Amino acid sequence: MFHRVLAFALLVIAAQQLVRGQEVTIGGRLPNTKIAPPAAVRSAWLDLRQSTTGRPGPQSAPEWVKRITMLPQPGVEGVGEKTIFRIELAQSPSDLELLMFRLFFDDKPDRRPRLLASDNSGGRVFQTTPLGVGLGLATSETVIVPAADVSTVDVEVPGDGRTIRGAYLNWMTSSEVLRPVNADQRYVIGETFDAGAPLRAPAQDVENFGTVTATLAAETIAIGPTVQQGAAFQFPLEAQPLTALLTFEISSAYIDSPPQVYVNRENLGPASLPLPELADPAYRGEMRPLVRQMRFQYTGWLRAQKLLPASSLRPGPNDIVVIAGAGTPASAIRATQIQLKYVWEKFDYELIPGR
């Protein structure tokens with residue numbers, strides 16, 4: 001009883017202190033300071049597909065996109081054919097200096113694109129290494145371009161340029177980010193359309209509050225729709241966990257057919273796919289003969305998770321196989337990791353009596 005009264009007294013004191021406390025400010029800003037909202041700046045979706053039905057119609061774009069030009073570059077001795085999509089920019093609106101450039105393309109090994117940014121004099125300001133990993137999948141990658149003095153951004157790709165599908169451009173601003181002092185410091189880009197941040201695979205096993213996180217494979221692995229084409233992982237367990245969570249990222253998944261997970265030769269069914277907004281340009285429709293309904297493929301990376309019941313795991317060696325969903329000819333996964341939950345000294349649970 002004494003402990004209950006003491007706890008109540010502490011709560012009352014804490015409540016009184018909260019009532020008398022000052023407003024918390026972030027970054028030294030005074031309470032109730034009015035901040036002018038940033039001027040509205042439109043994003044740009046640029047369709048870079050080459051029309052096969054004649055002359056394409058005009059595209060709408062915000063005023064800061066001046067012109068888009070396709071420049072075929074014939075091959076010369078020792079250098080193959082390439083294509084440049086040149087995007088000319090006006091002065092950045094509202095003095096914004098960082099441009100998010102998300103490129104959509106078919107990731108073929110010999111057709112990997114790169115971005116090159118130049119100023120008014122033609123001087124090179126920024127360039128990337130070839131994007132993608134060459135898995136032959138439809139995908140997208142995001143690059144932040146320092147665009148304070150940039151007048152053109154070129155998408156340069158080997159070949160005739162038909163592997164380039166489009167580009168989404170948006171100006172970026174920065175703000176203060178709070179994080180726990182014991183969390184990893186990360187350079188995080190706020191994704192549009194509620195897409196999640198890229199998944200990180202820890203280099204070493206991590207234990208936190210009775211939960212062990214272990215990386216099964218950080219690298220990108222191609223998968224298909226059969227067990228023989230799946231990504232297989234083997235790992236030992238000293239003790240059976242209370243439950244487990246498998247997490248990975250998947251590329252080019254059909255949103256109505258998530259990847260399937262097998263544990264110790266038992267099919268546990270599909271993983272869950274938290275989806276971004278349907279306005280995301282990464283959704284690509286697909287129609288097939290004799291099928292009335294359009295299917296959608298997400299041409300980018302999505303996070304996938306599968307809860308593994310304790311009964312599916314055992315002390316000693318264990319096997320996990322991840323395969324692509326039904327009707328998915330090819331896909332890929334990366335940053336595959338597992339979390340194992342065990343009893344620890346402050347484990348919270350209830351014993352519910354039977355009736």
# chains A, B, ... in the order shown; residues from 1 in each chain; ligands from 1
$ residues_around --residues "range 165-179 of chain A" --least-positions-apart "4" --cutoff "6 Å" --atoms "only C-alpha atoms" --output "PyMOL selection string"
chain A and resi 43-49+98-105
$ closest_residue --among "A:Pro259, A:Pro274, A:Leu307, A:Gly132" --to "Leu246 in chain A" --atoms "only C-alpha atoms"
A:Leu307
$ atom_distance --atom1 "CA of Gly134 in chain A" --atom2 "CA of Thr328 in chain A"
18.0 Å
$ residues_around --residues "range 199-208 of chain A" --least-positions-apart "6" --cutoff "6 Å" --atoms "only C-alpha atoms" --output "PDB file with N, CA and C atoms, in the first residue's frame"
ATOM      1  N   ALA A 214      19.461 -10.200 -36.637  1.00  0.00           N
ATOM      2  CA  ALA A 214      20.593 -10.788 -37.356  1.00  0.00           C
ATOM      3  C   ALA A 214      20.367 -10.657 -38.853  1.00  0.00           C
ATOM      4  N   THR A 215      21.405 -10.250 -39.568  1.00  0.00           N
ATOM      5  CA  THR A 215      21.331 -10.143 -41.026  1.00  0.00           C
ATOM      6  C   THR A 215      21.570 -11.508 -41.653  1.00  0.00           C
ATOM      7  N   ALA A 218      22.874  -9.188 -46.805  1.00  0.00           N
ATOM      8  CA  ALA A 218      22.704  -7.768 -47.115  1.00  0.00           C
ATOM      9  C   ALA A 218      22.623  -7.524 -48.617  1.00  0.00           C
ATOM     10  N   ALA A 335      18.826  -6.787 -48.221  1.00  0.00           N
ATOM     11  CA  ALA A 335      18.798  -6.418 -46.796  1.00  0.00           C
ATOM     12  C   ALA A 335      17.934  -7.387 -45.988  1.00  0.00           C
TER      13      ALA A 335
END
$ residues_around --residues "Asp110 in chain A" --least-positions-apart "2" --cutoff "8 Å" --atoms "only C-alpha atoms" --output "PDB file with C-alpha atoms, in the first residue's frame"
ATOM      1  CA  LYS A 108      19.523  -4.123 -67.936  1.00  0.00           C
ATOM      2  CA  ARG A 112      22.604   1.183 -66.886  1.00  0.00           C
ATOM      3  CA  GLY A 134      21.860  -4.940 -63.832  1.00  0.00           C
ATOM      4  CA  PRO A 158      23.885   3.207 -73.566  1.00  0.00           C
TER       5      PRO A 158
END
$ closest_residue --among "A:Pro317, A:Gly122, A:Pro329, A:Gly80" --to "Pro236 in chain A" --atoms "only C-alpha atoms"
A:Pro317
$ closest_residue --among "A:Asp319, A:Glu345, A:Asp119, A:Glu63" --to "Phe235 in chain A" --atoms "only C-alpha atoms"
A:Asp319
$ atom_distance --atom1 "CA of Thr243 in chain A" --atom2 "CA of Arg303 in chain A"
19.7 Å
$ atom_distance --atom1 "CA of Val150 in chain A" --atom2 "CA of Gly300 in chain A"
26.9 Å
$ closest_residue --among "A:Tyr254, A:Phe209, A:Phe193, A:Tyr262" --to "Val321 in chain A" --atoms "only C-alpha atoms"
A:Tyr262
$ residues_around --residues "Pro270 in chain A" --least-positions-apart "6" --cutoff "9 Å" --atoms "only C-alpha atoms" --output "PyMOL selection string"
chain A and resi 257-261+306+325
$ select_by_dssp --residues "range 96-215 of chain A" --states "strand (DSSP E or B)" --output "PyMOL selection string"
chain A and resi 98-107+114-118+124-127+137-146+152-158+164-172+206-208+211-215
$ write_last_selection --atoms "C-alpha atoms" --output "compact mmCIF listing (two decimals), in the first residue's frame"
# COMPACT_ATOMS: atom_id res chain seq x y z
CA LEU A 98 18.57 20.54 -53.76
CA LEU A 99 16.68 18.68 -56.48
CA MET A 100 15.35 15.17 -55.96
CA PHE A 101 15.63 13.26 -59.23
CA ARG A 102 13.94 9.85 -59.29
CA LEU A 103 14.65 7.96 -62.49
CA PHE A 104 12.48 5.07 -63.72
CA PHE A 105 14.20 2.58 -66.01
CA ASP A 106 14.62 -1.05 -67.00
CA ASP A 107 17.74 -2.21 -65.18
CA ARG A 114 23.74 7.76 -65.13
CA LEU A 115 22.94 11.40 -64.33
CA LEU A 116 25.12 14.39 -65.26
CA ALA A 117 24.38 17.98 -64.18
CA SER A 118 25.96 21.06 -65.79
CA ARG A 124 30.17 19.62 -65.03
CA VAL A 125 28.70 20.15 -61.57
CA PHE A 126 27.62 16.64 -60.62
CA GLN A 127 27.60 13.11 -62.00
CA LEU A 137 14.08 -5.64 -63.67
CA ALA A 138 11.94 -2.53 -63.98
CA THR A 139 13.08 -0.28 -61.13
CA SER A 140 13.72 3.29 -59.99
CA GLU A 141 16.47 5.10 -58.12
CA THR A 142 16.52 8.45 -56.34
CA VAL A 143 19.43 10.89 -56.56
CA ILE A 144 19.76 14.25 -54.79
CA VAL A 145 21.29 16.79 -57.19
CA PRO A 146 22.95 19.97 -55.80
CA THR A 152 20.72 21.09 -67.36
CA VAL A 153 20.44 17.54 -66.05
CA ASP A 154 21.30 14.80 -68.55
CA VAL A 155 20.17 11.19 -68.35
CA GLU A 156 22.84 9.30 -70.30
CA VAL A 157 22.18 5.66 -71.19
CA PRO A 158 23.88 3.21 -73.57
CA ILE A 164 14.33 4.88 -69.84
CA ARG A 165 10.69 5.29 -68.81
CA GLY A 166 10.34 8.52 -66.89
CA ALA A 167 11.59 10.86 -64.18
CA TYR A 168 10.00 12.41 -61.11
CA LEU A 169 11.53 15.72 -59.97
CA ASN A 170 10.83 17.64 -56.80
CA TRP A 171 12.67 20.37 -54.93
CA MET A 172 13.89 19.52 -51.45
CA VAL A 206 22.25 -6.66 -32.40
CA GLU A 207 20.51 -7.44 -29.08
CA ASN A 208 17.97 -5.04 -27.61
CA THR A 211 15.29 -9.26 -29.18
CA VAL A 212 18.16 -10.31 -31.43
CA THR A 213 18.39 -8.84 -34.95
CA ALA A 214 20.59 -10.79 -37.36
CA THR A 215 21.33 -10.14 -41.03
